[in-house]
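This is model26.pdb (PDB, C-alpha atoms).
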```pdb
ATOM      1  CA  MET A   1      43.465 137.390  97.748
ATOM      2  CA  ASP A   2      45.579 134.335  96.894
ATOM      3  CA  GLN A   3      45.377 131.540  99.442
ATOM      4  CA  ARG A   4      48.497 131.025 101.505
ATOM      5  CA  PRO A   5      50.466 127.948 100.264
ATOM      6  CA  ARG A   6      50.018 124.892 102.482
ATOM      7  CA  LEU A   7      52.218 121.954 103.393
ATOM      8  CA  GLU A   8      50.031 119.823 101.099
ATOM      9  CA  ASP A   9      50.817 122.138  98.168
ATOM     10  CA  VAL A  10      54.539 121.627  98.605
ATOM     11  CA  ALA A  11      54.061 117.848  98.894
ATOM     12  CA  ALA A  12      51.943 117.787  95.723
ATOM     13  CA  ARG A  13      54.503 119.831  93.785
ATOM     14  CA  VAL A  14      57.305 117.390  94.692
ATOM     15  CA  GLY A  15      55.220 114.198  94.694
ATOM     16  CA  VAL A  16      56.064 113.129  98.243
ATOM     17  CA  SER A  17      54.075 112.796 101.470
ATOM     18  CA  THR A  18      53.343 115.733 103.739
ATOM     19  CA  ALA A  19      55.270 113.860 106.460
ATOM     20  CA  SER A  20      58.394 113.925 104.277
ATOM     21  CA  VAL A  21      57.944 117.639 103.624
ATOM     22  CA  SER A  22      57.570 118.283 107.356
ATOM     23  CA  LEU A  23      60.774 116.349 108.119
ATOM     24  CA  VAL A  24      62.721 118.331 105.538
ATOM     25  CA  LEU A  25      61.463 121.710 106.733
ATOM     26  CA  ARG A  26      62.268 120.837 110.344
ATOM     27  CA  GLY A  27      65.753 119.641 109.414
ATOM     28  CA  ALA A  28      64.977 116.196 110.837
ATOM     29  CA  PRO A  29      66.687 113.012 109.591
ATOM     30  CA  GLY A  30      64.975 110.649 107.166
ATOM     31  CA  PRO A  31      64.515 112.034 103.635
ATOM     32  CA  SER A  32      67.322 111.647 101.087
ATOM     33  CA  GLU A  33      69.445 114.621 100.071
ATOM     34  CA  ARG A  34      67.774 114.685  96.649
ATOM     35  CA  THR A  35      64.329 114.859  98.275
ATOM     36  CA  ARG A  36      65.506 117.592 100.610
ATOM     37  CA  GLN A  37      66.706 119.738  97.734
ATOM     38  CA  ARG A  38      63.482 119.239  95.775
ATOM     39  CA  VAL A  39      61.291 120.068  98.785
ATOM     40  CA  LEU A  40      63.285 123.201  99.630
ATOM     41  CA  ALA A  41      63.152 124.346  96.015
ATOM     42  CA  ALA A  42      59.378 123.773  95.822
ATOM     43  CA  ALA A  43      58.796 125.596  99.124
ATOM     44  CA  ALA A  44      60.787 128.566  97.831
ATOM     45  CA  GLU A  45      58.918 128.626  94.500
ATOM     46  CA  LEU A  46      55.517 128.501  96.210
ATOM     47  CA  GLY A  47      56.463 130.999  98.894
ATOM     48  CA  TYR A  48      55.576 128.506 101.612
ATOM     49  CA  ARG A  49      56.228 129.534 105.219
ATOM     50  CA  ALA A  50      55.524 127.205 108.117
ATOM     51  CA  ASP A  51      52.814 128.261 110.550
ATOM     52  CA  ARG A  52      54.844 127.800 113.750
ATOM     53  CA  ALA A  53      51.900 128.208 116.109
ATOM     54  CA  ALA A  54      49.751 125.686 114.253
ATOM     55  CA  SER A  55      52.692 123.304 113.996
ATOM     56  CA  LEU A  56      53.280 123.362 117.733
ATOM     57  CA  LEU A  57      49.620 122.876 118.514
ATOM     58  CA  ALA A  58      49.404 119.935 116.137
ATOM     59  CA  ARG A  59      52.244 118.077 117.800
ATOM     60  CA  ARG A  60      51.824 116.025 120.924
ATOM     61  CA  ARG A  61      55.378 117.018 121.843
ATOM     62  CA  ARG A  62      56.361 120.689 121.825
ATOM     63  CA  HIS A  63      60.118 120.120 121.482
ATOM     64  CA  GLN A  64      60.822 123.343 123.375
ATOM     65  CA  LEU A  65      63.731 123.899 125.737
ATOM     66  CA  GLY A  66      63.395 126.834 128.116
ATOM     67  CA  VAL A  67      66.554 128.736 129.038
ATOM     68  CA  LEU A  68      66.967 131.086 132.003
ATOM     69  CA  LEU A  69      69.747 133.667 131.605
ATOM     70  CA  ASP A  70      70.970 136.925 133.068
ATOM     71  CA  VAL A  71      70.462 139.393 130.229
ATOM     72  CA  ARG A  72      73.356 141.523 131.538
ATOM     73  CA  SER A  73      75.932 138.729 131.230
ATOM     74  CA  PRO A  74      77.995 138.517 128.018
ATOM     75  CA  TYR A  75      78.962 134.986 128.984
ATOM     76  CA  HIS A  76      75.335 133.913 129.275
ATOM     77  CA  ALA A  77      74.740 135.363 125.817
ATOM     78  CA  GLU A  78      77.559 133.190 124.504
ATOM     79  CA  LEU A  79      76.127 130.110 126.213
ATOM     80  CA  VAL A  80      72.686 130.785 124.755
ATOM     81  CA  GLU A  81      74.108 131.073 121.252
ATOM     82  CA  GLU A  82      75.798 127.689 121.637
ATOM     83  CA  ILE A  83      72.605 126.166 123.101
ATOM     84  CA  GLN A  84      70.630 127.477 120.125
ATOM     85  CA  VAL A  85      73.132 125.967 117.684
ATOM     86  CA  GLU A  86      72.835 122.567 119.353
ATOM     87  CA  ALA A  87      69.039 122.758 119.610
ATOM     88  CA  ASP A  88      68.758 123.679 115.926
ATOM     89  CA  ARG A  89      70.902 120.691 115.039
ATOM     90  CA  ILE A  90      68.500 118.228 116.679
ATOM     91  CA  GLY A  91      65.217 119.922 115.822
ATOM     92  CA  TYR A  92      64.345 121.570 119.139
ATOM     93  CA  GLU A  93      63.150 125.132 119.750
ATOM     94  CA  VAL A  94      64.633 127.435 122.401
ATOM     95  CA  VAL A  95      62.533 129.770 124.555
ATOM     96  CA  LEU A  96      64.414 132.436 126.536
ATOM     97  CA  SER A  97      63.422 134.021 129.841
ATOM     98  CA  THR A  98      65.621 136.722 131.277
ATOM     99  CA  LEU A  99      66.724 137.684 134.748
ATOM    100  CA  THR A 100      66.867 141.491 135.043
ATOM    101  CA  ARG A 101      66.829 144.176 137.697
ATOM    102  CA  SER A 102      63.026 144.053 137.793
ATOM    103  CA  HIS A 103      62.401 140.427 136.777
ATOM    104  CA  SER A 104      63.335 137.897 139.456
ATOM    105  CA  GLU A 105      64.670 134.411 138.890
ATOM    106  CA  GLU A 106      61.452 132.927 140.234
ATOM    107  CA  ARG A 107      59.327 134.929 137.787
ATOM    108  CA  ALA A 108      61.637 134.122 134.887
ATOM    109  CA  ILE A 109      61.354 130.387 135.572
ATOM    110  CA  ALA A 110      57.576 130.671 135.917
ATOM    111  CA  SER A 111      57.472 132.238 132.455
ATOM    112  CA  LEU A 112      59.214 129.196 130.979
ATOM    113  CA  LEU A 113      56.629 126.929 132.564
ATOM    114  CA  ASP A 114      53.842 129.156 131.222
ATOM    115  CA  PHE A 115      55.261 128.598 127.727
ATOM    116  CA  ARG A 116      54.965 124.843 128.387
ATOM    117  CA  CYS A 117      58.659 124.155 127.824
ATOM    118  CA  GLU A 118      59.395 120.444 128.035
ATOM    119  CA  ALA A 119      62.663 120.972 129.926
ATOM    120  CA  VAL A 120      64.490 123.975 131.389
ATOM    121  CA  LEU A 121      68.179 124.874 131.268
ATOM    122  CA  LEU A 122      69.123 127.285 134.045
ATOM    123  CA  LEU A 123      72.336 129.283 133.577
ATOM    124  CA  GLY A 124      73.996 129.873 136.952
ATOM    125  CA  PRO A 125      70.769 130.001 139.008
ATOM    126  CA  ASP A 126      70.750 131.064 142.656
ATOM    127  CA  ALA A 127      67.689 128.975 143.623
ATOM    128  CA  SER A 128      68.106 126.581 146.541
ATOM    129  CA  ALA A 129      68.511 122.849 145.993
ATOM    130  CA  ALA A 130      65.032 122.339 147.476
ATOM    131  CA  ALA A 131      63.489 124.825 145.039
ATOM    132  CA  LEU A 132      65.272 123.163 142.130
ATOM    133  CA  ASP A 133      64.026 119.756 143.308
ATOM    134  CA  ASP A 134      60.478 121.110 143.344
ATOM    135  CA  LEU A 135      60.920 122.402 139.796
ATOM    136  CA  ALA A 136      62.348 119.055 138.674
ATOM    137  CA  GLN A 137      59.124 117.390 139.822
ATOM    138  CA  GLN A 138      57.401 119.327 137.006
ATOM    139  CA  VAL A 139      59.939 119.274 134.140
ATOM    140  CA  PRO A 140      63.490 117.992 133.573
ATOM    141  CA  VAL A 141      65.962 120.569 134.924
ATOM    142  CA  VAL A 142      69.569 121.081 133.849
ATOM    143  CA  VAL A 143      71.661 123.530 135.868
ATOM    144  CA  VAL A 144      74.576 124.975 133.920
ATOM    145  CA  GLY A 145      77.640 126.439 135.620
ATOM    146  CA  ARG A 146      76.914 125.601 139.234
ATOM    147  CA  GLN A 147      77.187 122.669 141.612
ATOM    148  CA  VAL A 148      73.854 121.490 143.057
ATOM    149  CA  SER A 149      73.275 118.909 145.785
ATOM    150  CA  SER A 150      70.105 117.434 144.313
ATOM    151  CA  SER A 151      69.077 113.926 143.391
ATOM    152  CA  LEU A 152      66.717 115.119 140.630
ATOM    153  CA  VAL A 153      68.556 117.910 138.840
ATOM    154  CA  ASP A 154      71.158 117.326 136.130
ATOM    155  CA  VAL A 155      74.284 119.491 136.294
ATOM    156  CA  VAL A 156      76.804 120.655 133.701
ATOM    157  CA  ARG A 157      79.518 122.807 135.220
ATOM    158  CA  PRO A 158      83.175 123.752 135.115
ATOM    159  CA  ALA A 159      85.444 122.708 137.957
ATOM    160  CA  ASP A 160      85.665 126.260 139.304
ATOM    161  CA  ASP A 161      88.175 125.303 141.993
ATOM    162  CA  VAL A 162      90.511 124.083 139.239
ATOM    163  CA  GLY A 163      89.979 127.264 137.226
ATOM    164  CA  VAL A 164      90.723 129.593 140.133
ATOM    165  CA  ALA A 165      93.739 127.492 141.125
ATOM    166  CA  ALA A 166      95.109 127.769 137.567
ATOM    167  CA  ALA A 167      94.825 131.560 137.783
ATOM    168  CA  LEU A 168      96.665 131.646 141.112
ATOM    169  CA  ASP A 169      99.347 129.191 139.969
ATOM    170  CA  HIS A 170     100.032 131.493 137.004
ATOM    171  CA  LEU A 171     100.406 134.542 139.233
ATOM    172  CA  ILE A 172     102.568 132.728 141.766
ATOM    173  CA  ALA A 173     104.847 131.511 138.955
ATOM    174  CA  LEU A 174     105.229 135.169 137.947
ATOM    175  CA  GLY A 175     106.501 135.958 141.459
ATOM    176  CA  HIS A 176     103.290 137.355 142.975
ATOM    177  CA  HIS A 177     102.489 136.541 146.596
ATOM    178  CA  ASP A 178     100.187 139.412 147.557
ATOM    179  CA  ILE A 179      97.165 138.346 145.488
ATOM    180  CA  ALA A 180      93.710 139.731 146.252
ATOM    181  CA  PHE A 181      90.372 138.314 145.132
ATOM    182  CA  VAL A 182      87.368 140.457 144.248
ATOM    183  CA  ASP A 183      84.280 138.610 145.397
ATOM    184  CA  GLY A 184      81.269 138.057 143.150
ATOM    185  CA  GLY A 185      78.610 138.581 145.814
ATOM    186  CA  LYS A 186      76.024 136.280 147.371
ATOM    187  CA  GLY A 187      75.266 133.958 144.439
ATOM    188  CA  ALA A 188      76.071 130.257 144.335
ATOM    189  CA  VAL A 189      78.620 130.601 141.508
ATOM    190  CA  ALA A 190      80.394 133.444 143.310
ATOM    191  CA  SER A 191      80.514 131.383 146.501
ATOM    192  CA  THR A 192      82.201 128.465 144.719
ATOM    193  CA  ARG A 193      84.869 130.704 143.176
ATOM    194  CA  ARG A 194      85.530 132.485 146.463
ATOM    195  CA  ARG A 195      85.966 129.138 148.177
ATOM    196  CA  GLY A 196      88.316 128.020 145.404
ATOM    197  CA  TYR A 197      90.470 131.114 145.942
ATOM    198  CA  ARG A 198      90.722 130.584 149.699
ATOM    199  CA  THR A 199      91.609 126.911 149.247
ATOM    200  CA  ALA A 200      94.287 127.598 146.634
ATOM    201  CA  MET A 201      95.867 130.396 148.697
ATOM    202  CA  ARG A 202      95.913 128.217 151.803
ATOM    203  CA  ARG A 203      97.519 125.403 149.817
ATOM    204  CA  ALA A 204     100.212 127.826 148.594
ATOM    205  CA  GLY A 205     100.840 129.083 152.135
ATOM    206  CA  LEU A 206      99.775 132.631 151.231
ATOM    207  CA  PRO A 207      97.401 134.978 153.102
ATOM    208  CA  ALA A 208      93.955 135.384 151.517
ATOM    209  CA  ARG A 209      92.500 138.842 150.944
ATOM    210  CA  VAL A 210      88.895 138.972 149.756
ATOM    211  CA  ILE A 211      87.520 142.326 148.602
ATOM    212  CA  PRO A 212      83.725 142.809 148.475
ATOM    213  CA  GLY A 213      82.354 143.059 144.953
ATOM    214  CA  ASP A 214      79.800 141.571 142.586
ATOM    215  CA  HIS A 215      79.532 140.260 139.035
ATOM    216  CA  THR A 216      79.163 143.714 137.442
ATOM    217  CA  GLU A 217      81.525 146.384 136.133
ATOM    218  CA  GLU A 218      80.315 148.704 138.898
ATOM    219  CA  GLY A 219      81.278 146.139 141.532
ATOM    220  CA  GLY A 220      84.748 145.915 140.007
ATOM    221  CA  ILE A 221      85.118 149.700 139.983
ATOM    222  CA  ARG A 222      84.228 149.939 143.669
ATOM    223  CA  ALA A 223      86.664 147.157 144.539
ATOM    224  CA  GLY A 224      89.362 148.772 142.383
ATOM    225  CA  ARG A 225      89.075 152.056 144.244
ATOM    226  CA  GLN A 226      89.497 150.189 147.514
ATOM    227  CA  LEU A 227      92.535 148.305 146.216
ATOM    228  CA  VAL A 228      94.236 151.488 144.992
ATOM    229  CA  ALA A 229      94.453 152.655 148.612
ATOM    230  CA  ALA A 230      96.350 149.507 149.685
ATOM    231  CA  PRO A 231      97.393 147.756 146.477
ATOM    232  CA  PRO A 232      98.465 144.124 146.139
ATOM    233  CA  THR A 233     100.582 143.209 143.116
ATOM    234  CA  ALA A 234      97.909 141.013 141.564
ATOM    235  CA  VAL A 235      94.166 140.497 141.724
ATOM    236  CA  VAL A 236      91.772 137.796 140.536
ATOM    237  CA  ALA A 237      88.183 138.841 139.806
ATOM    238  CA  SER A 238      85.192 136.525 140.181
ATOM    239  CA  ASN A 239      84.172 137.158 136.556
ATOM    240  CA  ASP A 240      85.196 139.161 133.491
ATOM    241  CA  ARG A 241      82.699 141.981 133.991
ATOM    242  CA  CYS A 242      84.127 142.603 137.446
ATOM    243  CA  ALA A 243      87.664 142.448 136.032
ATOM    244  CA  VAL A 244      86.781 145.067 133.397
ATOM    245  CA  GLY A 245      85.558 147.324 136.219
ATOM    246  CA  LEU A 246      88.886 146.826 137.983
ATOM    247  CA  LEU A 247      90.771 147.807 134.828
ATOM    248  CA  ASP A 248      88.673 150.961 134.571
ATOM    249  CA  ALA A 249      89.382 151.940 138.192
ATOM    250  CA  PHE A 250      93.118 151.286 137.832
ATOM    251  CA  LEU A 251      93.305 153.242 134.577
ATOM    252  CA  ARG A 252      91.620 156.255 136.161
ATOM    253  CA  ALA A 253      93.937 156.045 139.201
ATOM    254  CA  GLY A 254      97.079 155.800 137.080
ATOM    255  CA  VAL A 255      97.871 152.205 138.150
ATOM    256  CA  GLU A 256      99.576 150.466 135.250
ATOM    257  CA  VAL A 257      98.298 147.031 134.233
ATOM    258  CA  PRO A 258     100.231 144.759 134.102
ATOM    259  CA  GLY A 259     103.278 146.872 135.062
ATOM    260  CA  ALA A 260     102.185 147.630 138.613
ATOM    261  CA  MET A 261      99.194 145.305 138.923
ATOM    262  CA  SER A 262      98.328 142.014 137.243
ATOM    263  CA  VAL A 263      94.622 141.252 136.726
ATOM    264  CA  ILE A 264      92.842 137.983 135.909
ATOM    265  CA  GLY A 265      89.153 137.527 135.144
ATOM    266  CA  TYR A 266      86.902 134.485 134.835
ATOM    267  CA  ASP A 267      84.652 133.397 131.910
ATOM    268  CA  ASP A 268      86.722 134.306 128.830
ATOM    269  CA  SER A 269      83.754 136.310 127.577
ATOM    270  CA  THR A 270      83.716 138.396 124.411
ATOM    271  CA  LEU A 271      84.765 141.378 126.550
ATOM    272  CA  ALA A 272      88.023 139.675 127.502
ATOM    273  CA  ARG A 273      88.984 139.116 123.857
ATOM    274  CA  LEU A 274      88.718 142.757 122.795
ATOM    275  CA  ALA A 275      92.140 144.066 121.795
ATOM    276  CA  HIS A 276      92.064 147.100 124.105
ATOM    277  CA  ILE A 277      91.115 144.900 127.099
ATOM    278  CA  ASP A 278      93.164 141.773 126.299
ATOM    279  CA  LEU A 279      92.268 140.168 129.623
ATOM    280  CA  THR A 280      93.969 137.090 131.044
ATOM    281  CA  THR A 281      91.044 134.945 132.144
ATOM    282  CA  VAL A 282      89.674 131.433 132.712
ATOM    283  CA  ASN A 283      87.863 129.777 129.806
ATOM    284  CA  GLN A 284      84.948 127.463 130.718
ATOM    285  CA  ASP A 285      84.310 126.062 127.206
ATOM    286  CA  ALA A 286      80.840 127.458 126.561
ATOM    287  CA  ALA A 287      80.320 125.249 123.512
ATOM    288  CA  ALA A 288      80.982 122.038 125.451
ATOM    289  CA  GLN A 289      78.731 123.138 128.334
ATOM    290  CA  ALA A 290      75.934 123.886 125.869
ATOM    291  CA  ARG A 291      76.284 120.525 124.097
ATOM    292  CA  HIS A 292      76.219 118.572 127.344
ATOM    293  CA  ALA A 293      73.310 120.603 128.740
ATOM    294  CA  VAL A 294      71.111 120.102 125.674
ATOM    295  CA  ALA A 295      72.069 116.422 125.514
ATOM    296  CA  ALA A 296      71.137 115.980 129.192
ATOM    297  CA  ALA A 297      67.683 117.491 128.673
ATOM    298  CA  VAL A 298      66.983 115.595 125.462
ATOM    299  CA  SER A 299      68.133 112.252 126.883
ATOM    300  CA  ARG A 300      65.425 112.584 129.545
ATOM    301  CA  LEU A 301      62.782 113.694 127.042
ATOM    302  CA  ASP A 302      63.558 111.373 124.123
ATOM    303  CA  ASP A 303      65.277 108.397 125.741
ATOM    304  CA  GLY A 304      63.490 108.260 129.094
ATOM    305  CA  ARG A 305      66.661 108.565 131.176
ATOM    306  CA  THR A 306      65.868 108.829 134.898
ATOM    307  CA  ASP A 307      69.265 108.590 136.595
ATOM    308  CA  ARG A 308      70.961 111.837 137.643
ATOM    309  CA  LEU A 309      73.729 113.192 135.428
ATOM    310  CA  GLU A 310      76.577 115.507 136.414
ATOM    311  CA  VAL A 311      79.186 116.596 133.859
ATOM    312  CA  VAL A 312      82.241 118.448 135.210
ATOM    313  CA  LEU A 313      84.482 120.134 132.651
ATOM    314  CA  GLU A 314      88.020 121.317 133.349
ATOM    315  CA  PRO A 315      88.540 125.045 132.683
ATOM    316  CA  ARG A 316      91.733 126.395 131.160
ATOM    317  CA  LEU A 317      93.626 129.613 131.715
ATOM    318  CA  VAL A 318      93.931 131.917 128.696
ATOM    319  CA  ILE A 319      96.964 134.169 129.124
ATOM    320  CA  ARG A 320      96.723 137.584 127.509
ATOM    321  CA  GLY A 321      98.072 141.040 128.269
ATOM    322  CA  THR A 322      96.929 141.852 131.814
ATOM    323  CA  THR A 323      99.421 139.671 133.695
ATOM    324  CA  ALA A 324     103.210 140.040 134.001
ATOM    325  CA  ARG A 325     106.041 139.269 136.387
ATOM    326  CA  HIS A 326     106.084 140.868 139.838
ATOM    327  CA  PRO A 327     107.222 144.486 139.358
ATOM    328  CA  ALA A 328     110.190 143.974 141.702
ATOM    329  CA  LEU A 329     111.575 141.045 139.697
TER     330      LEU A 329
END
```
Whole structure, C-alpha cells version:
Amino acid sequence: MDQRPRLEDVAARVGVSTASVSLVLRGAPGPSERTRQRVLAAAAELGYRADRAASLLARRRRHQLGVLLDVRSPYHAELVEEIQVEADRIGYEVVLSTLTRSHSEERAIASLLDFRCEAVLLLGPDASAAALDDLAQQVPVVVVGRQVSSSLVDVVRPADDVGVAAALDHLIALGHHDIAFVDGGKGAVASTRRRGYRTAMRRAGLPARVIPGDHTEEGGIRAGRQLVAAPPTAVVASNDRCAVGLLDAFLRAGVEVPGAMSVIGYDDSTLARLAHIDLTTVNQDAAAQARHAVAAAVSRLDDGRTDRLEVVLEPRLVIRGTTARHPAL
C-alpha cells in the first residue's frame, strides 16, 4: 500500500518549509500568493489531506471555539453559519453542542468543555449570571443575544427594547391600538422582549395584553386559538417561530392576515423570508452579532484582553406582507 503523503512531501515538492505549507493549508497570513498557489497545486497533485487530529494534538493552542445553540431554532442556525464564516476567516475551528428536548443546556456546555474548546459562544442561554460567572472562570465566555449582569462574561446582543418598540410604533402608525403580545416563555430572551412590549405600550398610553406562549410554532398555535376567541387587531410575537404558529392558527380559523389581523415576528429568520409567509419582523443582524462575538472571544485568547466587553446592536424592522392599516380605517 502506498504511504499517505505527508506535510514534508508537499514542502519538498514546492521547495519551501513545512511551516510555510502549514500556514497555506490553514489559510493563515504570511506566505505570498505565488507560494500559496504552488503549495495548493502540489497538495492536490500528491493527494495530501491534513490529519486534523494529529494537527490539533501537535499544537499548544487548539484554536477551537465552542458554540451552544438550540437545534430547533432557524435563527440560531443562521448565527452559527455566520460564526463559522468568521472563524474560517481567522483560522479557528468551530465545535457545536446542541440544546434539544433531551439534552439540557448544562450538559451541552459540559460537552464543549470536554472537547477542550478555548472559548465558548452561547446563543441565547438561560443560565444564571452566577453560573455564567463560574463558567467564565474556566474559559472565556461570550453570550450572544441576551443581556447578562456579569463582570466576567462578554455580551453581544441586540437592543431588544428598541426592536419591540419599532414593531409597536409601526402598528400604531397603521392605526392599531388593541395590540397583543404572545409571550416567549420563561427564558431570559423572552423576558427582555416581554418587558420591552410592556414599556412601549405604557409609553404609548395603550393597555398591554400578554398572551402565554413560547418560542415554538406550537406555542404560537395555542396562543392564536386563544386570540381568535377575543381578537385584537394586531399581535406581536416573541419570535418568528411563534409568529408562524399564529399565522397557522389564524388561517385555520378563517382570520385574514393582514386584512383582519396584523402580525409581527422577531428574528427575521429564513422562515420569515419565505414568499408564502412574508412575515413583517425585527432583524437583529446575525452577521454583525457573529463578527462581534468571534472577535470578543479571539481578543481574549490572542490579545490577552481582560476587561469586560458589551456590544449592543440596534435592530431594524423589516416590513413585509403581514401588517396593514387597521381594518376600520
Q) Quick one: residues within 12 Å of Gln3 of chain A, all atoms listed in the file counted, chain neighbours fewer than 6 positions away excluded, as a ChimeraX atom specification? A) /A:9,46-48
**Q.** Distance of atom CA of Ala204 of chain A from atom CA of Ala249 of chain A, expressed in Å to one decimal place
**A.**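 That distance, rounded to one decimal, is 28.4 Å.
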Q: For the file shown, report as a PyMOL selection string the outcome of the PyMOL selection byres ((chain A and resi 100-102) around 12) at residue level.
A: chain A and resi 68-73+97-99+103-108
List as CSV every residue of segment 67-186 of chain A that is in contact with segment 215-236 of chain A, defined as an atom at most 8 Å from one of its atoms (using all atoms listed in the file), together with the nearest atom pair and the distance in Å rounded to one decimal, sorted by chain and then rising number.
```
residue,atom,partner,partner_atom,distance
A:Ala167,CA,A:Val236,CA,7.5
A:Leu168,CA,A:Val236,CA,7.9
A:Leu171,CA,A:Ala234,CA,7.3
A:His176,CA,A:Thr233,CA,6.5
A:His177,CA,A:Thr233,CA,7.8
A:Asp178,CA,A:Pro232,CA,5.2
A:Ile179,CA,A:Ala234,CA,4.8
A:Ala180,CA,A:Val235,CA,4.6
A:Phe181,CA,A:Val236,CA,4.8
A:Val182,CA,A:Val236,CA,6.3
A:Gly184,CA,A:His215,CA,5.0
A:Gly185,CA,A:His215,CA,7.0
```
Q | Between atom CA of Val85 of chain A and atom CA of Phe115 of chain A, distance in Å (one decimal) | A |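 So the answer is 20.7 Å.
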Q.
Using all atoms listed in the file, which protein or nucleic acid residues come within 9 Å of segment 152-163 of chain A? Drop anything in the same chain fewer than 4 positions from it, and give the result as number ranges by chain.
A. A: 129, 132-133, 135-137, 140-148, 167-168, 189, 192-197, 199-200, 266, 282-285, 289-290, 292-293, 296-297, 306-317
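Atom CA of Arg61 of chain A lies 26.4 Å from atom CA of Ala12 of chain A.
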Can you rebuild segment 150-164 of chain A with N, CA, C and O atoms and give it as a short mmCIF file (atom, residue, chain, number, x, y, z; two decimals), in the frame of the given file?
```cif
data_model
loop_
_atom_site.label_atom_id
_atom_site.label_comp_id
_atom_site.auth_asym_id
_atom_site.auth_seq_id
_atom_site.Cartn_x
_atom_site.Cartn_y
_atom_site.Cartn_z
N SER A 150 71.48 117.85 144.58
CA SER A 150 70.10 117.43 144.31
C SER A 150 70.12 116.07 143.66
O SER A 150 71.00 115.77 142.84
N SER A 151 69.16 115.26 143.99
CA SER A 151 69.08 113.93 143.39
C SER A 151 68.27 113.93 142.11
O SER A 151 68.23 112.93 141.39
N LEU A 152 67.62 115.07 141.78
CA LEU A 152 66.72 115.12 140.63
C LEU A 152 67.22 116.00 139.49
O LEU A 152 66.77 115.86 138.37
N VAL A 153 68.13 116.90 139.81
CA VAL A 153 68.56 117.91 138.84
C VAL A 153 69.87 117.50 138.18
O VAL A 153 70.82 117.11 138.86
N ASP A 154 69.91 117.57 136.86
CA ASP A 154 71.16 117.33 136.13
C ASP A 154 72.03 118.58 136.18
O ASP A 154 71.52 119.71 136.22
N VAL A 155 73.34 118.37 136.16
CA VAL A 155 74.28 119.49 136.29
C VAL A 155 75.36 119.39 135.22
O VAL A 155 75.91 118.31 134.98
N VAL A 156 75.65 120.53 134.59
CA VAL A 156 76.80 120.66 133.70
C VAL A 156 77.57 121.88 134.18
O VAL A 156 77.01 122.98 134.20
N ARG A 157 78.80 121.69 134.60
CA ARG A 157 79.52 122.81 135.22
C ARG A 157 81.02 122.68 135.00
O ARG A 157 81.54 121.58 134.77
N PRO A 158 81.72 123.82 135.09
CA PRO A 158 83.18 123.75 135.12
C PRO A 158 83.65 123.44 136.53
O PRO A 158 82.93 123.69 137.50
N ALA A 159 84.83 122.91 136.64
CA ALA A 159 85.44 122.71 137.96
C ALA A 159 86.05 124.05 138.38
O ALA A 159 87.23 124.34 138.12
N ASP A 160 85.23 124.90 139.00
CA ASP A 160 85.66 126.26 139.30
C ASP A 160 86.88 126.30 140.22
O ASP A 160 87.70 127.21 140.13
N ASP A 161 87.00 125.32 141.12
CA ASP A 161 88.18 125.30 141.99
C ASP A 161 89.45 125.11 141.18
O ASP A 161 90.49 125.72 141.45
N VAL A 162 89.36 124.30 140.13
CA VAL A 162 90.51 124.08 139.24
C VAL A 162 90.82 125.35 138.46
O VAL A 162 91.98 125.73 138.28
N GLY A 163 89.78 126.04 137.99
CA GLY A 163 89.98 127.26 137.23
C GLY A 163 90.63 128.36 138.04
O GLY A 163 91.58 129.01 137.59
N VAL A 164 90.14 128.56 139.27
CA VAL A 164 90.72 129.59 140.13
C VAL A 164 92.15 129.22 140.51
O VAL A 164 93.06 130.07 140.55
#
```
